[in-house]
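Structure data (compact mmCIF, C-alpha atoms (C1' of nucleotides)) from target-v9.txt:
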# COMPACT_ATOMS: atom_id res chain seq x y z
CA MET A 8 47.80 -25.37 4.87
CA PRO A 9 49.28 -24.15 8.11
CA THR A 10 46.81 -23.00 10.70
CA THR A 11 47.25 -19.91 12.82
CA ASP A 12 46.79 -19.44 16.54
CA ASP A 13 46.47 -15.72 16.06
CA ASP A 14 43.66 -14.60 18.35
CA HIS A 15 42.54 -12.07 15.82
CA ALA A 16 42.37 -14.51 12.94
CA GLU A 17 38.62 -14.45 12.92
CA HIS A 18 38.52 -10.67 12.62
CA LEU A 19 40.96 -10.51 9.77
CA ARG A 20 39.90 -10.84 6.23
CA PRO A 21 42.06 -13.60 4.95
CA ASP A 22 40.43 -13.72 1.55
CA GLN A 23 38.65 -10.82 -0.01
CA GLY A 24 36.44 -13.11 -2.00
CA ALA A 25 35.75 -15.47 0.85
CA ASP A 26 34.17 -13.11 3.34
CA PRO A 27 33.43 -9.81 1.64
CA HIS A 28 31.79 -7.81 4.39
CA ILE A 29 32.36 -4.11 4.90
CA THR A 30 34.80 -2.69 7.38
CA LEU A 31 33.61 -1.12 10.60
CA THR A 32 35.90 1.70 11.71
CA GLY A 33 36.50 3.90 14.70
CA ARG A 34 34.32 3.09 17.66
CA LEU A 35 32.10 1.00 15.41
CA ALA A 36 34.82 -1.61 15.03
CA ASP A 37 33.61 -3.35 18.14
CA ARG A 38 30.22 -4.27 16.74
CA ASP A 39 28.87 -5.55 20.03
CA SER A 40 29.44 -2.21 21.74
CA TRP A 41 26.66 -0.40 19.86
CA ARG A 42 23.17 -1.10 18.68
CA ALA A 43 21.78 -0.37 15.26
CA ASP A 44 19.00 1.84 16.60
CA ASN A 45 17.68 4.35 14.08
CA CYS A 46 19.02 2.21 11.28
CA PRO A 47 18.11 3.81 7.96
CA ILE A 48 17.59 0.42 6.36
CA VAL A 49 15.01 -0.51 9.01
CA ALA A 50 13.47 2.95 8.65
CA ALA A 51 13.09 2.31 4.92
CA LEU A 52 11.59 -1.11 5.62
CA ASP A 53 9.02 0.55 7.91
CA VAL A 54 7.52 1.95 4.70
CA ILE A 55 8.35 -0.58 2.08
CA GLY A 56 9.07 -3.70 4.07
CA THR A 57 6.43 -5.94 2.49
CA ARG A 58 6.58 -7.81 -0.75
CA SER A 59 3.37 -6.12 -1.90
CA ALA A 60 4.82 -2.66 -1.26
CA PHE A 61 7.84 -3.49 -3.42
CA VAL A 62 5.63 -4.75 -6.23
CA ILE A 63 3.41 -1.69 -6.11
CA MET A 64 6.43 0.61 -6.18
CA ARG A 65 7.72 -1.36 -9.17
CA GLU A 66 4.51 -0.61 -11.03
CA ALA A 67 4.47 3.01 -9.91
CA LEU A 68 7.98 3.35 -11.38
CA TYR A 69 6.72 1.62 -14.52
CA GLY A 70 4.10 4.34 -14.80
CA ALA A 71 0.99 2.98 -13.11
CA SER A 72 -1.11 5.62 -11.39
CA ARG A 73 -4.67 4.34 -11.30
CA PHE A 74 -6.10 1.80 -8.92
CA GLU A 75 -7.22 -0.51 -11.73
CA GLN A 76 -3.78 -0.40 -13.29
CA PHE A 77 -2.21 -1.60 -10.05
CA VAL A 78 -4.83 -4.36 -9.86
CA LYS A 79 -4.18 -5.62 -13.38
CA ARG A 80 -0.44 -5.35 -13.34
CA THR A 81 0.46 -6.73 -9.91
CA GLN A 82 -1.97 -9.62 -9.49
CA LEU A 83 -2.29 -8.57 -5.84
CA SER A 84 -5.73 -8.51 -4.20
CA GLU A 85 -7.76 -5.29 -4.16
CA PRO A 86 -7.88 -4.92 -0.37
CA ILE A 87 -4.09 -5.17 -0.21
CA ILE A 88 -3.61 -2.76 -3.08
CA ALA A 89 -5.94 -0.25 -1.48
CA THR A 90 -4.16 -0.58 1.87
CA ARG A 91 -0.67 -0.26 0.44
CA LEU A 92 -1.64 2.69 -1.79
CA ARG A 93 -3.07 4.48 1.24
CA GLU A 94 0.05 3.74 3.30
CA LEU A 95 2.46 4.76 0.55
CA THR A 96 0.48 7.95 0.01
CA GLU A 97 0.46 8.75 3.72
CA ALA A 98 4.21 8.12 3.75
CA GLY A 99 4.68 10.54 0.86
CA LEU A 100 5.91 8.15 -1.82
CA LEU A 101 2.75 8.63 -3.85
CA ALA A 102 0.43 11.62 -4.12
CA LYS A 103 -3.29 11.27 -4.64
CA GLU A 104 -4.40 13.62 -7.41
CA PRO A 105 -7.88 13.92 -8.77
CA TYR A 106 -8.22 13.71 -12.53
CA ARG A 107 -11.17 13.40 -14.84
CA GLU A 108 -11.53 11.86 -18.26
CA PRO A 109 -14.21 13.53 -20.47
CA GLY A 110 -17.53 11.84 -19.92
CA GLU A 111 -16.39 10.13 -16.77
CA ARG A 112 -16.44 11.13 -13.17
CA THR A 113 -13.49 12.34 -11.19
CA ARG A 114 -11.12 9.68 -10.00
CA ASN A 115 -7.86 9.72 -8.13
CA ALA A 116 -4.47 9.02 -9.59
CA TYR A 117 -1.63 7.90 -7.37
CA ARG A 118 1.27 9.90 -8.74
CA LEU A 119 4.82 9.01 -7.95
CA THR A 120 6.55 11.66 -5.88
CA GLU A 121 10.23 12.53 -5.73
CA LYS A 122 10.42 10.52 -2.52
CA GLY A 123 8.92 7.52 -4.27
CA ALA A 124 11.07 7.91 -7.36
CA ASP A 125 14.14 7.95 -5.16
CA LEU A 126 13.61 4.25 -4.57
CA LEU A 127 14.73 3.57 -8.13
CA PRO A 128 18.34 2.79 -7.15
CA ALA A 129 17.14 0.23 -4.59
CA LEU A 130 14.74 -1.42 -7.01
CA THR A 131 17.35 -1.34 -9.77
CA ALA A 132 19.85 -3.02 -7.45
CA LEU A 133 17.32 -5.74 -6.63
CA PHE A 134 16.51 -6.04 -10.33
CA SER A 135 20.19 -6.58 -11.14
CA TRP A 136 20.71 -8.96 -8.24
CA GLY A 137 17.67 -11.02 -9.14
CA THR A 138 18.76 -11.12 -12.78
CA ARG A 139 22.24 -12.26 -11.91
CA TRP A 140 21.55 -14.69 -9.12
CA GLN A 141 17.98 -15.88 -9.14
CA LEU A 142 16.58 -16.15 -12.62
CA SER A 143 17.65 -19.21 -14.57
CA SER A 144 17.42 -17.28 -17.79
CA ARG A 145 17.62 -13.62 -18.58
CA PRO A 146 14.40 -11.77 -17.86
CA PRO A 147 12.44 -10.57 -20.89
CA VAL A 148 13.01 -6.96 -19.94
CA GLU A 149 16.10 -4.94 -19.13
CA LEU A 150 16.89 -1.48 -17.83
CA ALA A 151 18.75 0.78 -20.21
CA HIS A 152 20.12 4.30 -20.48
CA SER A 153 18.06 6.00 -23.19
CA ASP A 154 20.91 8.42 -24.01
CA CYS A 155 23.39 5.73 -25.00
CA GLY A 156 21.57 2.40 -24.94
CA GLY A 157 23.83 0.88 -22.29
CA LEU A 158 22.42 -1.44 -19.63
CA VAL A 159 21.78 0.17 -16.25
CA THR A 160 22.54 -1.16 -12.83
CA SER A 161 23.05 0.31 -9.39
CA VAL A 162 26.64 0.79 -8.34
CA LEU A 163 28.35 2.01 -5.23
CA TYR A 164 29.54 5.55 -5.79
CA CYS A 165 31.19 8.09 -3.58
CA GLU A 166 30.77 11.83 -3.39
CA HIS A 167 34.20 12.29 -4.94
CA GLY A 168 33.08 10.57 -8.09
CA HIS A 169 34.65 7.17 -7.56
CA ILE A 170 33.08 3.85 -8.41
CA VAL A 171 33.52 2.12 -5.09
CA ASP A 172 34.63 -1.46 -4.86
CA PRO A 173 32.70 -3.19 -2.07
CA SER A 174 35.98 -4.06 -0.36
CA THR A 175 36.66 -0.35 0.12
CA VAL A 176 33.36 0.46 1.80
CA GLU A 177 33.51 1.25 5.44
CA LEU A 178 30.96 2.06 8.08
CA ARG A 179 32.11 4.90 10.28
CA PRO A 180 30.61 7.17 12.92
CA THR A 181 28.79 10.05 11.28
CA ARG A 182 30.93 13.16 11.12
CA ASN A 183 29.62 16.58 11.96
CA GLN A 184 29.38 18.59 8.80
CA ARG A 185 31.43 21.45 10.06
CA ASP A 186 34.47 20.02 11.70
CA GLY A 187 34.45 16.35 10.80
CA THR A 188 34.25 15.25 14.40
CA ALA A 189 32.52 11.91 14.71
CA ARG A 190 29.24 11.91 16.60
CA SER A 191 28.78 9.48 19.41
CA PRO A 192 26.26 6.78 18.47
CA SER A 193 24.36 7.51 21.67
CA GLU A 194 24.34 11.23 20.89
CA ALA A 195 21.80 10.75 18.15
CA ASP A 196 20.18 7.75 19.77
CA PRO A 197 18.75 8.77 23.10
CA LYS A 198 15.80 6.45 22.58
CA ARG A 199 15.60 2.74 23.34
CA ALA A 200 17.45 1.10 26.17
CA MET B 24 -3.41 27.45 -17.05
CA PRO B 25 -5.20 26.15 -20.11
CA THR B 26 -6.31 22.57 -19.98
CA THR B 27 -5.91 20.12 -22.83
CA ASP B 28 -8.33 17.65 -24.33
CA ASP B 29 -5.47 15.71 -25.78
CA ASP B 30 -6.38 12.06 -25.41
CA HIS B 31 -2.81 11.15 -24.66
CA ALA B 32 -2.36 13.77 -21.99
CA GLU B 33 -2.26 11.17 -19.25
CA HIS B 34 0.53 9.26 -20.94
CA LEU B 35 2.70 12.28 -21.44
CA ARG B 36 5.08 13.43 -18.83
CA PRO B 37 4.18 17.04 -18.45
CA ASP B 38 6.53 17.64 -15.60
CA GLN B 39 9.64 15.63 -15.00
CA GLY B 40 9.51 16.38 -11.34
CA ALA B 41 5.83 15.67 -11.02
CA ASP B 42 5.68 12.11 -12.22
CA PRO B 43 9.18 10.71 -12.51
CA HIS B 44 8.57 7.15 -13.61
CA ILE B 45 10.75 5.31 -16.10
CA THR B 46 9.93 5.02 -19.76
CA LEU B 47 8.66 1.78 -21.20
CA THR B 48 9.82 1.32 -24.79
CA GLY B 49 9.14 -0.92 -27.75
CA ARG B 50 6.43 -3.45 -27.18
CA LEU B 51 6.62 -2.77 -23.46
CA ALA B 52 5.13 0.69 -23.95
CA ASP B 53 1.66 -0.80 -23.67
CA ARG B 54 2.04 -1.94 -20.10
CA ASP B 55 -1.24 -3.84 -20.05
CA SER B 56 -0.19 -6.05 -22.92
CA TRP B 57 2.42 -7.98 -20.92
CA ARG B 58 2.81 -9.43 -17.48
CA ALA B 59 5.76 -9.08 -15.19
CA ASP B 60 6.30 -12.82 -14.89
CA ASN B 61 9.83 -13.81 -13.99
CA CYS B 62 10.39 -10.37 -12.57
CA PRO B 63 13.92 -10.19 -11.15
CA ILE B 64 12.74 -7.97 -8.30
CA VAL B 65 10.17 -10.58 -7.25
CA ALA B 66 12.81 -13.29 -7.67
CA ALA B 67 15.07 -11.35 -5.31
CA LEU B 68 12.21 -10.94 -2.85
CA ASP B 69 11.66 -14.71 -2.90
CA VAL B 70 14.95 -14.89 -0.99
CA ILE B 71 15.12 -11.67 0.93
CA GLY B 72 11.52 -10.51 1.01
CA THR B 73 11.13 -10.37 4.79
CA ARG B 74 12.20 -7.70 7.17
CA SER B 75 14.21 -10.21 9.19
CA ALA B 76 16.12 -11.34 6.10
CA PHE B 77 17.12 -7.75 5.36
CA VAL B 78 18.25 -7.21 8.92
CA ILE B 79 20.27 -10.42 8.97
CA MET B 80 21.91 -9.52 5.67
CA ARG B 81 22.75 -6.12 7.13
CA GLU B 82 24.59 -7.79 9.98
CA ALA B 83 26.27 -10.28 7.66
CA LEU B 84 27.58 -7.32 5.65
CA TYR B 85 28.65 -5.70 8.92
CA GLY B 86 30.73 -8.81 9.59
CA ALA B 87 28.53 -11.08 11.72
CA SER B 88 29.10 -14.76 11.10
CA ARG B 89 28.16 -16.59 14.30
CA PHE B 90 24.67 -17.42 15.46
CA GLU B 91 25.12 -15.56 18.76
CA GLN B 92 26.31 -12.45 16.93
CA PHE B 93 23.15 -12.37 14.87
CA VAL B 94 21.12 -12.82 18.05
CA LYS B 95 22.80 -9.94 19.88
CA ARG B 96 22.97 -7.55 17.01
CA THR B 97 19.54 -7.89 15.42
CA GLN B 98 17.25 -8.28 18.44
CA LEU B 99 15.33 -10.86 16.41
CA SER B 100 14.19 -14.10 18.08
CA GLU B 101 16.34 -17.22 17.91
CA PRO B 102 13.80 -19.35 16.03
CA ILE B 103 13.51 -16.69 13.33
CA ILE B 104 17.26 -16.19 13.12
CA ALA B 105 17.82 -19.93 12.80
CA THR B 106 15.16 -20.19 10.10
CA ARG B 107 16.45 -17.23 8.10
CA LEU B 108 20.10 -18.35 8.37
CA ARG B 109 19.12 -21.78 7.08
CA GLU B 110 17.14 -20.27 4.21
CA LEU B 111 19.86 -17.78 3.27
CA THR B 112 22.44 -20.58 3.37
CA GLU B 113 20.29 -22.85 1.23
CA ALA B 114 19.85 -19.94 -1.20
CA GLY B 115 23.63 -19.45 -1.37
CA LEU B 116 23.92 -16.01 0.22
CA LEU B 117 25.72 -17.45 3.25
CA ALA B 118 27.96 -20.49 3.55
CA LYS B 119 28.09 -22.61 6.68
CA GLU B 120 31.70 -23.22 7.62
CA PRO B 121 32.94 -25.11 10.65
CA TYR B 122 35.53 -23.34 12.73
CA ARG B 123 37.02 -24.02 16.13
CA GLU B 124 38.44 -21.73 18.79
CA PRO B 125 41.19 -23.33 20.92
CA GLY B 126 39.66 -25.02 23.95
CA GLU B 127 36.22 -24.92 22.47
CA ARG B 128 34.29 -27.29 20.33
CA THR B 129 33.64 -26.92 16.65
CA ARG B 130 30.91 -24.47 15.70
CA ASN B 131 29.57 -23.21 12.42
CA ALA B 132 30.14 -19.79 11.00
CA TYR B 133 27.76 -18.32 8.45
CA ARG B 134 30.13 -16.71 5.99
CA LEU B 135 28.96 -14.18 3.48
CA THR B 136 29.28 -15.42 -0.07
CA GLU B 137 29.79 -13.41 -3.25
CA LYS B 138 26.09 -13.81 -3.92
CA GLY B 139 25.30 -12.40 -0.50
CA ALA B 140 27.81 -9.59 -0.78
CA ASP B 141 26.24 -8.59 -4.08
CA LEU B 142 23.27 -7.28 -2.13
CA LEU B 143 25.39 -4.40 -0.91
CA PRO B 144 24.17 -1.99 -3.61
CA ALA B 145 20.53 -2.73 -2.68
CA LEU B 146 21.16 -2.30 1.05
CA THR B 147 23.22 0.81 0.42
CA ALA B 148 20.40 2.27 -1.67
CA LEU B 149 17.92 1.56 1.13
CA PHE B 150 20.40 3.01 3.63
CA SER B 151 20.63 6.22 1.60
CA TRP B 152 16.89 6.39 1.03
CA GLY B 153 16.11 5.85 4.70
CA THR B 154 18.69 8.45 5.68
CA ARG B 155 17.27 11.03 3.32
CA TRP B 156 13.58 10.46 3.70
CA GLN B 157 12.75 8.64 6.88
CA LEU B 158 15.08 9.53 9.70
CA SER B 159 14.40 12.85 11.35
CA SER B 160 18.07 13.29 12.11
CA ARG B 161 21.16 11.87 10.51
CA PRO B 162 21.90 8.33 11.60
CA PRO B 163 24.89 7.87 13.87
CA VAL B 164 26.70 5.88 11.20
CA GLU B 165 27.52 6.53 7.55
CA LEU B 166 28.96 4.59 4.64
CA ALA B 167 32.25 5.85 3.30
CA HIS B 168 34.88 5.07 0.70
CA SER B 169 38.00 4.10 2.63
CA ASP B 170 40.27 5.17 -0.26
CA CYS B 171 39.14 8.80 -0.25
CA GLY B 172 36.80 9.28 2.70
CA GLY B 173 33.85 10.32 0.56
CA LEU B 174 30.33 9.27 1.47
CA VAL B 175 28.98 6.29 -0.47
CA THR B 176 25.58 5.81 -2.00
CA SER B 177 24.09 3.67 -4.74
CA VAL B 178 23.69 5.37 -8.08
CA LEU B 179 22.29 4.36 -11.41
CA TYR B 180 25.13 3.59 -13.77
CA CYS B 181 25.28 2.27 -17.27
CA GLU B 182 27.74 -0.09 -18.92
CA HIS B 183 29.18 2.78 -20.91
CA GLY B 184 30.27 4.50 -17.75
CA HIS B 185 27.56 7.11 -17.45
CA ILE B 186 25.90 8.21 -14.26
CA VAL B 187 22.30 7.79 -15.29
CA ASP B 188 19.66 10.34 -14.43
CA PRO B 189 16.43 8.55 -13.48
CA SER B 190 14.63 10.41 -16.23
CA THR B 191 16.82 8.68 -18.80
CA VAL B 192 16.14 5.15 -17.63
CA GLU B 193 14.03 3.02 -19.85
CA LEU B 194 12.66 -0.48 -19.66
CA ARG B 195 13.03 -2.28 -22.94
CA PRO B 196 12.67 -5.80 -24.25
CA THR B 197 15.82 -7.78 -23.59
CA ARG B 198 18.08 -7.88 -26.60
CA ASN B 199 19.77 -11.02 -27.79
CA GLN B 200 23.46 -10.75 -27.17
CA ARG B 201 24.45 -11.47 -30.72
CA ASP B 202 22.30 -9.38 -32.95
CA GLY B 203 20.46 -7.04 -30.62
CA THR B 204 17.07 -8.39 -31.62
CA ALA B 205 14.58 -7.96 -28.84
CA ARG B 206 13.18 -11.13 -27.33
CA SER B 207 9.46 -11.53 -27.14
CA PRO B 208 8.27 -11.32 -23.53
CA SER B 209 6.39 -14.59 -23.99
CA GLU B 210 9.47 -16.23 -25.43
CA ALA B 211 11.13 -16.35 -22.08
CA ASP B 212 7.91 -16.62 -20.16
CA PRO B 213 6.12 -19.80 -21.18
CA LYS B 214 4.97 -20.36 -17.60
CA ARG B 215 1.93 -18.97 -15.88
CA ALA B 216 -1.32 -18.20 -17.64
C1' DT C 17 -35.10 8.52 -11.38
C1' DC C 18 -32.53 4.49 -12.29
C1' DA C 19 -28.77 1.62 -13.72
C1' DC C 20 -24.10 1.17 -13.83
C1' DT C 21 -19.42 1.09 -12.25
C1' DG C 22 -14.76 2.23 -10.37
C1' DG C 23 -12.86 2.46 -6.09
C1' DC C 24 -12.90 1.17 -2.44
C1' DT C 25 -14.37 -1.29 2.57
C1' DA C 26 -15.87 -5.13 5.41
C1' DT C 27 -15.66 -9.78 6.68
C1' DG C 28 -13.80 -14.06 7.46
C1' DA C 29 -10.15 -17.00 6.65
C1' DA C 30 -5.50 -18.84 5.65
C1' DA C 31 -0.73 -18.49 5.65
C1' DA C 32 3.41 -16.45 7.00
C1' DA C 33 6.29 -14.04 10.11
C1' DG C 34 7.62 -13.42 14.45
C1' DC C 35 7.66 -14.03 19.56
C1' DT C 36 8.41 -16.36 24.34
C1' DA C 37 9.64 -20.16 26.79
C1' DA C 38 11.28 -24.53 27.34
C1' DG C 39 13.93 -28.22 26.04
C1' DC C 40 17.28 -31.18 23.42
C1' DC C 41 21.87 -32.56 22.36
C1' DA C 42 26.62 -33.02 20.93
C1' DG C 43 30.98 -32.15 22.24
C1' DG C 44 34.29 -30.24 25.18
C1' DC C 45 36.33 -29.91 29.94
C1' DT C 46 36.98 -31.58 34.57
C1' DA D 22 31.07 -40.13 34.05
C1' DG D 23 29.01 -35.83 34.71
C1' DC D 24 28.48 -30.95 33.99
C1' DC D 25 28.15 -27.15 31.04
C1' DT D 26 26.85 -24.60 27.07
C1' DG D 27 26.14 -22.85 22.26
C1' DG D 28 23.16 -23.81 18.76
C1' DC D 29 19.63 -24.93 17.70
C1' DT D 30 14.30 -27.13 17.68
C1' DT D 31 9.65 -27.47 19.42
C1' DA D 32 5.34 -25.82 21.02
C1' DG D 33 2.07 -22.54 21.55
C1' DC D 34 0.84 -18.15 20.72
C1' DT D 35 0.31 -13.31 18.58
C1' DT D 36 0.69 -10.31 14.84
C1' DT D 37 0.98 -9.33 10.15
C1' DT D 38 0.23 -10.15 5.44
C1' DT D 39 -2.57 -11.62 2.03
C1' DC D 40 -6.59 -13.57 -0.11
C1' DA D 41 -11.59 -14.34 -1.75
C1' DT D 42 -15.92 -12.66 -1.66
C1' DA D 43 -19.50 -9.63 -1.06
C1' DG D 44 -21.14 -5.30 -0.59
C1' DC D 45 -21.29 -0.13 -0.32
C1' DC D 46 -21.54 4.25 -2.51
C1' DA D 47 -20.89 8.44 -5.08
C1' DG D 48 -21.21 10.21 -9.36
C1' DT D 49 -22.16 9.89 -14.18
C1' DG D 50 -25.18 9.01 -18.31
C1' DA D 51 -29.52 7.69 -20.17
Output the structure of this file as structure tokens.
Amino acid sequence: MPTTDDDHAEHLRPDQGADPHITLTGRLADRDSWRADNCPIVAALDVIGTRSAFVIMREALYGASRFEQFVKRTQLSEPIIATRLRELTEAGLLAKEPYREPGERTRNAYRLTEKGADLLPALTALFSWGTRWQLSSRPPVELAHSDCGGLVTSVLYCEHGHIVDPSTVELRPTRNQRDGTARSPSEADPKRA
Amino acid sequence: MPTTDDDHAEHLRPDQGADPHITLTGRLADRDSWRADNCPIVAALDVIGTRSAFVIMREALYGASRFEQFVKRTQLSEPIIATRLRELTEAGLLAKEPYREPGERTRNAYRLTEKGADLLPALTALFSWGTRWQLSSRPPVELAHSDCGGLVTSVLYCEHGHIVDPSTVELRPTRNQRDGTARSPSEADPKRA
DNA sequence: TCACTGGCTATGAAAAAGCTAAGCCAGGCT
DNA sequence: AGCCTGGCTTAGCTTTTTCATAGCCAGTGA
């Protein structure tokens, strides 16, 4: 196979399957000229960046709302469950709601909020990824669409209704809503050196 | 508002917006009768369950492949970067490939593999979630579909081509491929007490 | 009033994640 | 041969996560 002396060879994508990263466009193309301050992924991980938080959110999405349910279903320790439930409630992913069974005293339920439920695509994507790549056999449970019975995964989708192939995803400077002008990365990131 | 003494009131979903968890069906409906052993989400977190792993995968998807690039772009420490790169390579998400610039000695590049690239839906979902719920202003960058320019997120999608509303997602026992018979949870989970 | 109990908190400990700083070393150039 | 340097590793440390265990306490029923 002939080799190339092209200085840009490293930046090119010689083989879609070989190095399938997304394309950085505009001023983002030079990745070392900007920092990923205010990264939304890191912002998400500020709330749910521990293994125990993921597991608790899994059970919240599976319908758990009471402290004892989280204890039984996650196998995490009580101090950790209490701490995570408090943090997730303070962050708005769960809402503490008093409820009372007849003959028993008032307790609190940790109800899933819209903010918490909106993690379903992320957890579904991890569910699919883990199923495909990590488990040696199919898991005993699967996610399905109750309307039609089809299996559910998370896919990349654009606002124009296209299923987006990963090779056609690009990272670009955020555009102002009104005129489409790209915002300077530093414009929205005055913090941090 | 009248209250109900219905014993099943807690299990019902009185308000779709109030408690938007997914529906457990079949023998999974009694959540305390099975354990989430071999959970694909936990299996995924075995590989990528640290904040630093997420950040490194972000940069790999943004095109980083050299050790120094990960150092500059993540602000993580070198020992941690080296450890995570080794672990992600051993797990198959990155592939170590020697390359050589003219006049320089051979180095290794950490190339994204198909397995690694398949985390894009999960990272995109976290990107969207963080954008919507955590950042006080829009991030300076956005994900777009290069074919049409539309913004990209992760959505729930079923194998029959439907965009799936979260309220129509269910967790069900995995069906055998041939005859659709559900597998017993213990069938695939002989391990762990 | 007393016993019970669900939902925590407190304590101490272990392990993991992450950091700073220093150092090693192989291989390229002079 | 010697110097330089990118890519690590090592050592020591801090912080975070997580655990086991014990205990507290408010509120309910007897």
- Item | Contacts of Glu182 of chain B at 9 Å (only C-alpha atoms (C1' of nucleotides); same-chain gap of 3+ positions) as a PyMOL selection string | (chain A and resi 152+156-160) or (chain B and resi 185)
- Task: Kindly give the distance, in Å, that separates atom CA of Pro63 of chain B and atom CA of Cys165 of chain A, rounded to a single decimal.
- Result: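 Taking atom CA of Pro63 of chain B as the start and atom CA of Cys165 of chain A as the end point, the length is 26.3 Å.
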- Note on the structure: From atom CA of Leu178 of chain A to atom CA of Thr32 of chain A the spacing works out at 6.1 Å
- Task: Starting from the point (-2.6, 6.8, -12.5), work out which residues of protein, DNA or RNA have an atom no more than 10 Å away when counting only C-alpha atoms (C1' of nucleotides); state them as a list in words.
- Result: Ala67, Gly70, Ala71, Ser72, Arg73, Phe74, Glu75, Gln76, Phe77, Lys103, Glu104, Pro105, Tyr106, Arg114, Asn115, Ala116, Tyr117, Arg118 and Leu119 of chain A; Glu33, His34 and Asp42 of chain B
Test item: residues at most 12 Å from DC18 of chain C, only C-alpha atoms (C1' of nucleotides), excluding those fewer than 3 positions along its chain, as a short mmCIF file (atom, residue, chain, number, x, y, z; two decimals) with C-alpha atoms (C1' of nucleotides), in the coordinates of the input:
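Contents of part-v6.cif, as written:
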data_model
loop_
_atom_site.label_atom_id
_atom_site.label_comp_id
_atom_site.auth_asym_id
_atom_site.auth_seq_id
_atom_site.Cartn_x
_atom_site.Cartn_y
_atom_site.Cartn_z
"C1'" DT D 49 -22.16 9.89 -14.18
"C1'" DG D 50 -25.18 9.01 -18.31
"C1'" DA D 51 -29.52 7.69 -20.17
#
- Query: Hey, can you pull every residue with an atom no more than 10 Å from (20.9, -18.0, -9.5), using only C-alpha atoms (C1' of nucleotides), and send it as number ranges by chain?
  - Reply: A: 136-144; B: 66-67, 114-115, 138
Could you please take those selected residues and save C-alpha atoms as a CSV table (one decimal), keeping the file's coordinate frame?
chain,number,residue,atom,x,y,z
A,136,TRP,CA,20.7,-9.0,-8.2
A,137,GLY,CA,17.7,-11.0,-9.1
A,138,THR,CA,18.8,-11.1,-12.8
A,139,ARG,CA,22.2,-12.3,-11.9
A,140,TRP,CA,21.6,-14.7,-9.1
A,141,GLN,CA,18.0,-15.9,-9.1
A,142,LEU,CA,16.6,-16.2,-12.6
A,143,SER,CA,17.6,-19.2,-14.6
A,144,SER,CA,17.4,-17.3,-17.8
B,66,ALA,CA,12.8,-13.3,-7.7
B,67,ALA,CA,15.1,-11.4,-5.3
B,114,ALA,CA,19.8,-19.9,-1.2
B,115,GLY,CA,23.6,-19.4,-1.4
B,138,LYS,CA,26.1,-13.8,-3.9
